[in-house]
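**Q** Input target_34.pdb, format and content: PDB, C-alpha atoms.
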```pdb
MODEL        1
ATOM      1  CA  MET A   1     107.125  78.916 113.571
ATOM      2  CA  ALA A   2     103.738  77.434 114.413
ATOM      3  CA  PRO A   3     101.291  79.592 116.345
ATOM      4  CA  ARG A   4     100.572  78.734 119.973
ATOM      5  CA  LEU A   5      96.835  79.021 119.475
ATOM      6  CA  ARG A   6      94.647  76.741 117.438
ATOM      7  CA  GLN A   7      94.091  77.685 113.789
ATOM      8  CA  VAL A   8      90.626  77.653 112.215
ATOM      9  CA  ARG A   9      90.119  75.499 109.139
ATOM     10  CA  ARG A  10      88.055  76.856 106.251
ATOM     11  CA  ALA A  11      85.220  74.385 106.978
ATOM     12  CA  ASP A  12      85.015  75.602 110.610
ATOM     13  CA  ALA A  13      85.345  79.322 109.890
ATOM     14  CA  ALA A  14      82.520  81.780 110.495
ATOM     15  CA  GLU A  15      80.824  83.154 107.391
ATOM     16  CA  SER A  16      82.379  86.594 107.960
ATOM     17  CA  VAL A  17      85.888  85.056 107.922
ATOM     18  CA  LEU A  18      85.571  83.469 104.488
ATOM     19  CA  PRO A  19      86.194  86.675 102.474
ATOM     20  CA  PHE A  20      89.535  87.042 104.293
ATOM     21  CA  TYR A  21      90.405  83.446 103.558
ATOM     22  CA  ASP A  22      89.440  83.892  99.894
ATOM     23  CA  LEU A  23      91.620  86.991  99.597
ATOM     24  CA  ALA A  24      94.637  85.523 101.357
ATOM     25  CA  PHE A  25      94.496  81.827 100.448
ATOM     26  CA  GLY A  26      92.242  81.490  97.389
ATOM     27  CA  ASP A  27      90.086  78.365  97.678
ATOM     28  CA  ARG A  28      92.649  76.390  99.727
ATOM     29  CA  ASP A  29      92.234  75.426 103.360
ATOM     30  CA  PRO A  30      94.834  77.651 105.054
ATOM     31  CA  VAL A  31      95.572  75.133 107.810
ATOM     32  CA  ASP A  32      96.253  72.226 105.468
ATOM     33  CA  GLN A  33      97.968  74.348 102.795
ATOM     34  CA  PRO A  34      99.408  77.466 104.459
ATOM     35  CA  GLY A  35     100.773  80.400 102.524
ATOM     36  CA  THR A  36      99.228  83.686 101.470
ATOM     37  CA  ALA A  37      99.265  85.345  98.086
ATOM     38  CA  TRP A  38     101.763  87.884  99.486
ATOM     39  CA  GLY A  39     104.310  85.375 100.793
ATOM     40  CA  THR A  40     103.618  84.776 104.479
ATOM     41  CA  LEU A  41     102.301  81.648 106.176
ATOM     42  CA  GLY A  42      98.997  83.333 107.022
ATOM     43  CA  THR A  43      98.733  81.954 110.531
ATOM     44  CA  TRP A  44      97.802  85.394 111.849
ATOM     45  CA  TRP A  45      94.537  85.211 109.883
ATOM     46  CA  THR A  46      93.775  81.602 110.833
ATOM     47  CA  VAL A  47      94.279  82.309 114.544
ATOM     48  CA  LEU A  48      92.298  85.570 114.455
ATOM     49  CA  ALA A  49      89.467  83.554 112.930
ATOM     50  CA  LEU A  50      88.951  82.084 116.437
ATOM     51  CA  VAL A  51      87.267  85.419 117.241
ATOM     52  CA  PRO A  52      85.588  86.561 114.021
ATOM     53  CA  GLU A  53      84.641  89.932 115.537
ATOM     54  CA  ILE A  54      88.317  90.862 115.732
ATOM     55  CA  LEU A  55      88.841  89.908 112.126
ATOM     56  CA  ASP A  56      85.759  91.971 111.196
ATOM     57  CA  GLN A  57      87.335  94.948 112.987
ATOM     58  CA  THR A  58      90.468  94.415 110.895
ATOM     59  CA  ARG A  59      88.385  94.671 107.742
ATOM     60  CA  GLY A  60      87.133  98.085 108.912
ATOM     61  CA  PHE A  61      90.701  99.248 109.447
ATOM     62  CA  ALA A  62      91.717  98.008 106.008
ATOM     63  CA  ALA A  63      88.859 100.007 104.473
ATOM     64  CA  LEU A  64      90.055 103.148 106.278
ATOM     65  CA  TYR A  65      93.664 102.436 105.325
ATOM     66  CA  THR A  66      92.874 102.253 101.617
ATOM     67  CA  ASN A  67      90.322 105.079 101.583
ATOM     68  CA  PRO A  68      91.399 107.773  99.074
ATOM     69  CA  ALA A  69      90.314 110.460 101.556
ATOM     70  CA  PHE A  70      92.994 109.280 104.013
ATOM     71  CA  ARG A  71      95.369 112.231 104.282
ATOM     72  CA  LEU A  72      98.701 110.419 104.430
ATOM     73  CA  ASP A  73     100.379 109.956 101.070
ATOM     74  CA  PRO A  74     100.142 106.202 100.347
ATOM     75  CA  LYS A  75     103.728 106.076  99.078
ATOM     76  CA  LEU A  76     105.020 107.579 102.322
ATOM     77  CA  ARG A  77     102.754 105.288 104.345
ATOM     78  CA  GLU A  78     104.118 102.214 102.601
ATOM     79  CA  LEU A  79     107.721 103.361 103.007
ATOM     80  CA  ALA A  80     107.115 103.769 106.746
ATOM     81  CA  VAL A  81     105.266 100.489 107.218
ATOM     82  CA  THR A  82     107.794  98.547 105.137
ATOM     83  CA  ARG A  83     110.682 100.022 107.151
ATOM     84  CA  ALA A  84     108.863  99.200 110.397
ATOM     85  CA  GLY A  85     108.394  95.627 109.185
ATOM     86  CA  TRP A  86     112.079  95.336 108.359
ATOM     87  CA  ALA A  87     113.155  96.937 111.645
ATOM     88  CA  SER A  88     110.975  94.601 113.706
ATOM     89  CA  GLU A  89     111.964  91.542 111.649
ATOM     90  CA  SER A  90     108.309  90.959 110.800
ATOM     91  CA  GLN A  91     107.879  89.088 107.551
ATOM     92  CA  PHE A  92     104.117  89.421 108.113
ATOM     93  CA  VAL A  93     104.439  93.197 107.741
ATOM     94  CA  PHE A  94     107.500  93.524 105.503
ATOM     95  CA  THR A  95     106.564  91.209 102.632
ATOM     96  CA  PRO A  96     103.040  92.413 101.788
ATOM     97  CA  HIS A  97     103.946  96.071 102.253
ATOM     98  CA  ARG A  98     106.872  95.730  99.838
ATOM     99  CA  LYS A  99     104.302  94.640  97.278
ATOM    100  CA  LEU A 100     101.819  97.355  98.249
ATOM    101  CA  GLY A 101     104.557  99.980  98.127
ATOM    102  CA  ARG A 102     105.289  99.158  94.515
ATOM    103  CA  ASP A 103     101.601  99.669  93.742
ATOM    104  CA  TRP A 104     101.809 103.147  95.299
ATOM    105  CA  GLY A 105     104.958 104.286  93.485
ATOM    106  CA  VAL A 106     107.840 103.095  95.655
ATOM    107  CA  THR A 107     110.578 102.139  93.197
ATOM    108  CA  GLU A 108     112.459  98.851  93.211
ATOM    109  CA  GLU A 109     115.644 100.772  94.054
ATOM    110  CA  GLN A 110     113.925 102.297  97.088
ATOM    111  CA  MET A 111     112.585  98.920  98.225
ATOM    112  CA  GLU A 112     116.062  97.406  98.016
ATOM    113  CA  ALA A 113     117.426 100.361 100.019
ATOM    114  CA  ILE A 114     114.929 100.079 102.914
ATOM    115  CA  PRO A 115     117.409  98.239 105.199
ATOM    116  CA  SER A 116     120.101 100.903 104.710
ATOM    117  CA  TRP A 117     118.000 103.897 103.727
ATOM    118  CA  SER A 118     120.167 106.440 105.588
ATOM    119  CA  THR A 119     123.083 105.871 103.189
ATOM    120  CA  ALA A 120     121.000 105.541 100.023
ATOM    121  CA  ASP A 121     120.540 108.484  97.671
ATOM    122  CA  CYS A 122     117.261 107.357  96.107
ATOM    123  CA  PHE A 123     114.959 109.016  98.672
ATOM    124  CA  SER A 124     113.643 112.581  98.671
ATOM    125  CA  SER A 125     114.049 114.751 101.749
ATOM    126  CA  VAL A 126     110.406 114.099 102.712
ATOM    127  CA  GLU A 127     110.854 110.337 102.289
ATOM    128  CA  ARG A 128     114.038 110.465 104.386
ATOM    129  CA  ALA A 129     112.167 112.343 107.115
ATOM    130  CA  VAL A 130     109.438 109.689 107.144
ATOM    131  CA  LEU A 131     112.007 106.886 107.343
ATOM    132  CA  ALA A 132     113.899 108.671 110.143
ATOM    133  CA  TYR A 133     110.660 109.156 112.065
ATOM    134  CA  THR A 134     109.830 105.477 111.550
ATOM    135  CA  ASP A 135     113.220 104.471 112.940
ATOM    136  CA  ALA A 136     112.692 106.708 115.949
ATOM    137  CA  TRP A 137     109.239 105.284 116.511
ATOM    138  CA  CYS A 138     110.552 101.717 116.243
ATOM    139  CA  SER A 139     113.598 102.625 118.377
ATOM    140  CA  VAL A 140     115.897 101.132 115.767
ATOM    141  CA  ALA A 141     118.348 103.979 115.717
ATOM    142  CA  ASP A 142     119.320 103.613 119.403
ATOM    143  CA  ALA A 143     119.065  99.828 119.783
ATOM    144  CA  SER A 144     122.795  99.226 119.279
ATOM    145  CA  ALA A 145     123.714 101.735 121.986
ATOM    146  CA  ILE A 146     121.857  99.882 124.751
ATOM    147  CA  PRO A 147     124.108  97.641 126.871
ATOM    148  CA  ARG A 148     122.883  94.066 126.929
ATOM    149  CA  SER A 149     123.072  91.805 129.953
ATOM    150  CA  ARG A 150     123.202  88.777 127.649
ATOM    151  CA  PRO A 151     123.820  88.576 123.918
ATOM    152  CA  CYS A 152     120.623  88.089 122.001
ATOM    153  CA  ARG A 153     119.758  88.516 118.338
ATOM    154  CA  ARG A 154     116.334  90.083 118.880
ATOM    155  CA  SER A 155     116.438  93.191 120.996
ATOM    156  CA  TRP A 156     113.746  95.770 121.563
ATOM    157  CA  LEU A 157     113.297  99.005 123.392
ATOM    158  CA  THR A 158     110.152  99.437 125.414
ATOM    159  CA  ARG A 159     108.477 101.975 127.671
ATOM    160  CA  ARG A 160     106.303 101.276 130.670
ATOM    161  CA  SER A 161     104.528 104.545 129.912
ATOM    162  CA  TRP A 162     105.189 107.612 127.773
ATOM    163  CA  ASN A 163     106.551 109.438 130.836
ATOM    164  CA  SER A 164     109.028 106.726 131.826
ATOM    165  CA  PRO A 165     112.502 106.233 130.388
ATOM    166  CA  ILE A 166     113.032 103.721 127.628
ATOM    167  CA  ARG A 167     114.375 100.395 128.900
ATOM    168  CA  PHE A 168     115.919  97.508 127.043
ATOM    169  CA  ARG A 169     113.945  94.276 127.014
ATOM    170  CA  CYS A 170     114.857  91.200 125.075
ATOM    171  CA  ILE A 171     111.965  89.162 123.704
ATOM    172  CA  ARG A 172     113.662  85.836 124.358
ATOM    173  CA  CYS A 173     115.510  86.305 127.644
ATOM    174  CA  ARG A 174     113.504  89.209 129.084
ATOM    175  CA  PRO A 175     116.108  90.772 131.440
ATOM    176  CA  SER A 176     114.640  93.298 133.825
TER     177      SER A 176
ENDMDL
END
```
Represent the supplied structure as C-alpha coordinates.
**A**
Amino acid sequence: MAPRLRQVRRADAAESVLPFYDLAFGDRDPVDQPGTAWGTLGTWWTVLALVPEILDQTRGFAALYTNPAFRLDPKLRELAVTRAGWASESQFVFTPHRKLGRDWGVTEEQMEAIPSWSTADCFSSVERAVLAYTDAWCSVADASAIPRSRPCRRSWLTRRSWNSPIRFRCIRCRPS
(Lines of atoms letter the chains of each structure in order from A and count residues from 1; the text may use other names and numbers.)
(Lines give C-alpha, C1' and ligand atoms only; values in the text may rest on other atoms or scores of the structure.)
Protein backbone atom coordinates (compact mmCIF):
# COMPACT_ATOMS: atom_id res chain seq x y z
CA MET A 1 0.00 0.00 0.00
CA ALA A 2 1.43 3.37 -0.99
CA PRO A 3 1.63 6.06 1.67
CA ARG A 4 -0.74 9.01 1.47
CA LEU A 5 2.04 11.51 2.04
CA ARG A 6 4.86 12.31 -0.31
CA GLN A 7 8.08 10.31 0.09
CA VAL A 8 11.49 11.98 0.15
CA ARG A 9 14.05 10.84 -2.40
CA ARG A 10 17.66 10.38 -1.32
CA ALA A 11 18.77 13.43 -3.36
CA ASP A 12 16.18 15.63 -1.57
CA ALA A 13 16.75 14.28 1.94
CA ALA A 14 18.23 16.38 4.73
CA GLU A 15 21.78 15.51 5.75
CA SER A 16 20.56 14.07 9.07
CA VAL A 17 18.25 11.64 7.21
CA LEU A 18 21.00 10.02 5.14
CA PRO A 19 22.34 7.74 7.91
CA PHE A 20 18.83 6.25 8.24
CA TYR A 21 18.63 5.76 4.50
CA ASP A 22 22.08 4.14 4.46
CA LEU A 23 21.10 1.75 7.24
CA ALA A 24 17.74 0.79 5.78
CA PHE A 25 18.31 0.99 2.02
CA GLY A 26 22.07 0.87 1.43
CA ASP A 27 23.04 3.24 -1.39
CA ARG A 28 19.71 2.90 -3.25
CA ASP A 29 17.13 5.64 -3.59
CA PRO A 30 14.30 4.32 -1.39
CA VAL A 31 11.57 5.91 -3.50
CA ASP A 32 12.76 4.44 -6.79
CA GLN A 33 13.84 1.10 -5.30
CA PRO A 34 11.83 0.49 -2.11
CA GLY A 35 12.62 -2.27 0.34
CA THR A 36 14.61 -2.32 3.55
CA ALA A 37 17.29 -4.74 4.64
CA TRP A 38 14.77 -6.22 7.12
CA GLY A 39 11.99 -6.92 4.61
CA THR A 40 9.57 -4.00 4.67
CA LEU A 41 8.92 -1.39 1.99
CA GLY A 42 10.48 1.37 4.10
CA THR A 43 7.87 3.99 3.32
CA TRP A 44 7.66 4.92 7.00
CA TRP A 45 11.24 6.22 6.83
CA THR A 46 10.78 8.03 3.51
CA VAL A 47 7.65 9.82 4.74
CA LEU A 48 9.18 10.71 8.12
CA ALA A 49 12.04 12.28 6.18
CA LEU A 50 9.58 15.11 5.33
CA VAL A 51 10.24 16.31 8.90
CA PRO A 52 13.85 15.39 9.68
CA GLU A 53 13.50 16.46 13.32
CA ILE A 54 11.06 13.61 13.91
CA LEU A 55 13.43 11.14 12.35
CA ASP A 56 16.24 12.56 14.54
CA GLN A 57 14.03 11.94 17.59
CA THR A 58 13.61 8.34 16.43
CA ARG A 59 17.37 7.93 16.39
CA GLY A 60 17.48 9.02 20.05
CA PHE A 61 14.86 6.42 20.93
CA ALA A 62 16.78 3.72 19.07
CA ALA A 63 19.90 4.60 21.07
CA LEU A 64 17.94 4.26 24.33
CA TYR A 65 16.33 1.04 23.12
CA THR A 66 19.67 -0.63 22.44
CA ASN A 67 21.49 0.80 25.46
CA PRO A 68 22.89 -2.05 27.60
CA ALA A 69 21.84 -0.15 30.74
CA PHE A 70 18.17 -0.47 29.71
CA ARG A 71 16.63 -2.63 32.42
CA LEU A 72 14.28 -4.77 30.34
CA ASP A 73 15.76 -8.05 29.19
CA PRO A 74 16.24 -7.66 25.41
CA LYS A 75 14.92 -11.17 24.74
CA LEU A 76 11.69 -10.40 26.60
CA ARG A 77 11.45 -7.01 24.89
CA GLU A 78 11.73 -8.60 21.46
CA LEU A 79 9.19 -11.30 22.30
CA ALA A 80 6.73 -8.59 23.35
CA VAL A 81 7.35 -6.31 20.38
CA THR A 82 7.22 -9.19 17.90
CA ARG A 83 3.92 -10.40 19.38
CA ALA A 84 2.54 -6.85 19.26
CA GLY A 85 3.56 -6.62 15.61
CA TRP A 86 1.82 -9.90 14.83
CA ALA A 87 -1.29 -8.96 16.82
CA SER A 88 -1.62 -5.61 15.06
CA GLU A 89 -0.86 -7.10 11.63
CA SER A 90 2.09 -4.74 11.28
CA GLN A 91 4.75 -6.10 8.97
CA PHE A 92 6.74 -2.93 9.76
CA VAL A 93 7.04 -4.07 13.38
CA PHE A 94 6.83 -7.86 13.05
CA THR A 95 9.49 -8.52 10.41
CA PRO A 96 12.46 -6.56 11.80
CA HIS A 97 11.74 -7.61 15.38
CA ARG A 98 11.71 -11.28 14.38
CA LYS A 99 15.25 -10.72 13.16
CA LEU A 100 16.25 -8.70 16.22
CA GLY A 101 14.76 -11.32 18.52
CA ARG A 102 17.01 -13.98 17.07
CA ASP A 103 19.99 -11.74 17.81
CA TRP A 104 18.87 -11.54 21.45
CA GLY A 105 18.32 -15.27 21.98
CA VAL A 106 14.74 -15.91 20.87
CA THR A 107 14.83 -19.36 19.27
CA GLU A 108 13.42 -20.22 15.86
CA GLU A 109 10.86 -22.46 17.57
CA GLN A 110 9.71 -19.53 19.72
CA MET A 111 9.50 -17.21 16.71
CA GLU A 112 7.35 -19.73 14.85
CA ALA A 113 5.11 -20.05 17.94
CA ILE A 114 4.47 -16.29 18.36
CA PRO A 115 1.02 -16.44 16.67
CA SER A 116 -0.16 -19.27 18.95
CA TRP A 117 2.11 -18.80 21.94
CA SER A 118 -0.55 -19.75 24.52
CA THR A 119 -0.60 -23.36 23.30
CA ALA A 120 3.14 -23.68 22.68
CA ASP A 121 5.42 -25.31 25.24
CA CYS A 122 8.64 -23.58 24.21
CA PHE A 123 8.24 -20.51 26.47
CA SER A 124 9.30 -20.14 30.10
CA SER A 125 6.80 -18.91 32.68
CA VAL A 126 8.35 -15.42 32.54
CA GLU A 127 8.16 -15.36 28.74
CA ARG A 128 4.53 -16.52 28.88
CA ALA A 129 3.74 -13.72 31.34
CA VAL A 130 5.30 -11.15 29.00
CA LEU A 131 3.34 -12.50 26.03
CA ALA A 132 0.09 -12.52 28.04
CA TYR A 133 0.71 -8.94 29.14
CA THR A 134 1.41 -7.98 25.52
CA ASP A 135 -1.88 -9.53 24.42
CA ALA A 136 -3.71 -7.65 27.14
CA TRP A 137 -2.03 -4.41 26.17
CA CYS A 138 -2.87 -4.95 22.49
CA SER A 139 -6.40 -6.12 23.43
CA VAL A 140 -5.95 -9.23 21.32
CA ALA A 141 -7.31 -11.63 23.87
CA ASP A 142 -10.78 -10.02 24.00
CA ALA A 143 -11.14 -8.93 20.37
CA SER A 144 -13.16 -11.98 19.33
CA ALA A 145 -15.68 -11.44 22.13
CA ILE A 146 -16.73 -7.98 20.93
CA PRO A 147 -19.93 -7.99 18.84
CA ARG A 148 -19.40 -6.39 15.46
CA SER A 149 -21.98 -4.26 13.69
CA ARG A 150 -20.48 -5.26 10.34
CA PRO A 151 -18.02 -8.02 9.50
CA CYS A 152 -14.53 -6.68 9.03
CA ARG A 153 -11.15 -8.37 8.95
CA ARG A 154 -9.28 -5.69 10.91
CA SER A 155 -10.79 -5.00 14.29
CA TRP A 156 -9.35 -3.05 17.18
CA LEU A 157 -10.27 -2.14 20.69
CA THR A 158 -9.79 1.45 21.74
CA ARG A 159 -10.31 3.68 24.75
CA ARG A 160 -11.26 7.33 24.75
CA SER A 161 -9.35 7.64 28.01
CA TRP A 162 -7.95 5.27 30.62
CA ASN A 163 -11.06 5.81 32.77
CA SER A 164 -13.56 5.01 30.02
CA PRO A 165 -14.71 1.55 28.97
CA ILE A 166 -13.08 -0.13 26.02
CA ARG A 167 -15.11 0.22 22.82
CA PHE A 168 -14.84 -1.61 19.54
CA ARG A 169 -13.75 0.45 16.55
CA CYS A 170 -13.03 -0.91 13.13
CA ILE A 171 -10.25 0.80 11.19
CA ARG A 172 -12.04 0.49 7.86
CA CYS A 173 -15.71 1.04 8.66
CA ARG A 174 -15.36 2.96 11.94
CA PRO A 175 -18.74 2.16 13.59
CA SER A 176 -19.48 4.32 16.59
**Q** Leaving out segment 89-103 of chain A and any residue of its chain fewer than 4 positions from it, which residues lie within 9 Å of it when counting all atoms listed in the file, given as JSON, numbers by chain?
**A** {"A": [37, 38, 39, 40, 41, 42, 44, 74, 75, 76, 77, 78, 79, 81, 82, 83, 84, 85, 107, 108, 111, 154]}
**Q** The PyMOL selection byres ((chain A and resi 135) around 12) on the file shown: which residues, as a CSV table (one decimal) with C-alpha atoms, in the coordinates of the input?
**A**
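So the final result, stored in result_32.csv, reads:
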```csv
chain,number,residue,atom,x,y,z
A,79,LEU,CA,107.7,103.4,103.0
A,80,ALA,CA,107.1,103.8,106.7
A,81,VAL,CA,105.3,100.5,107.2
A,82,THR,CA,107.8,98.5,105.1
A,83,ARG,CA,110.7,100.0,107.2
A,84,ALA,CA,108.9,99.2,110.4
A,85,GLY,CA,108.4,95.6,109.2
A,86,TRP,CA,112.1,95.3,108.4
A,87,ALA,CA,113.2,96.9,111.6
A,88,SER,CA,111.0,94.6,113.7
A,114,ILE,CA,114.9,100.1,102.9
A,115,PRO,CA,117.4,98.2,105.2
A,116,SER,CA,120.1,100.9,104.7
A,117,TRP,CA,118.0,103.9,103.7
A,118,SER,CA,120.2,106.4,105.6
A,128,ARG,CA,114.0,110.5,104.4
A,129,ALA,CA,112.2,112.3,107.1
A,130,VAL,CA,109.4,109.7,107.1
A,131,LEU,CA,112.0,106.9,107.3
A,132,ALA,CA,113.9,108.7,110.1
A,133,TYR,CA,110.7,109.2,112.1
A,134,THR,CA,109.8,105.5,111.6
A,136,ALA,CA,112.7,106.7,115.9
A,137,TRP,CA,109.2,105.3,116.5
A,138,CYS,CA,110.6,101.7,116.2
A,139,SER,CA,113.6,102.6,118.4
A,140,VAL,CA,115.9,101.1,115.8
A,141,ALA,CA,118.3,104.0,115.7
A,142,ASP,CA,119.3,103.6,119.4
A,143,ALA,CA,119.1,99.8,119.8
A,157,LEU,CA,113.3,99.0,123.4
```
**Q** With all atoms listed in the file as the atoms that count, which of A:Val8, A:Ala63, A:Val17, A:Leu55 lies nearest to Thr43 of chain A?
**A**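 Among the listed residues, the smallest separation from Thr43 of chain A belongs to A:Val8.
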**Q** Can you measure atom CA of Leu72 of chain A to atom CA of Tyr21 of chain A for me? One decimal in Å is fine.
**A**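 Computing it gives 28.2 Å between the two atoms.
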**Q** Quick one: pull the distance between atom CA of Ala11 of chain A and atom CA of Gln57 of chain A, Å, one decimal.
**A**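 Value for the atom CA of Ala11 of chain A-atom CA of Gln57 of chain A distance: 21.5 Å.
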**Q** Expand the PyMOL selection byres ((chain A and resi 5) around 12) into the individual residues it matches in the shown file, reporting them as a ChimeraX atom specification.
**A** /A:1-4,6-8,43-51
**Q** Rounded to one decimal in Å, what is the spacing between atom CA of Gln110 of chain A and atom CA of Cys122 of chain A?
**A**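 Pair atom CA of Gln110 of chain A / atom CA of Cys122 of chain A returns 6.1 Å.
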**Q** With a distance cut-off of 9 Å and only C-alpha atoms, select the neighbouring residues of Ser16 of chain A, excluding the residue or stretch itself and same-chain residues fewer than 5 positions from it, and output the selection as a PyMOL selection string.
**A** chain A and resi 52-53+55-56
**Q** Check the smallest atom-to-atom distance from each of A:Pro30, A:Pro68, A:Gly105, A:Gly35 to Asp12 of chain A using all atoms listed in the file, then report the winner.
**A**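 Closest to Asp12 of chain A of all the choices is A:Pro30.
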**Q** Might I get the box with edges along x, y and z of the file that holds all atoms of segment 134-139 of chain A listed there, padded by 6 Å on every side, given as centre and edge lengths in Å to one decimal, as lines of an AutoDock Vina configuration file?
**A**
```
center_x = 111.4
center_y = 104.2
center_z = 115.0
size_x = 16.4
size_y = 17.0
size_z = 18.8
```
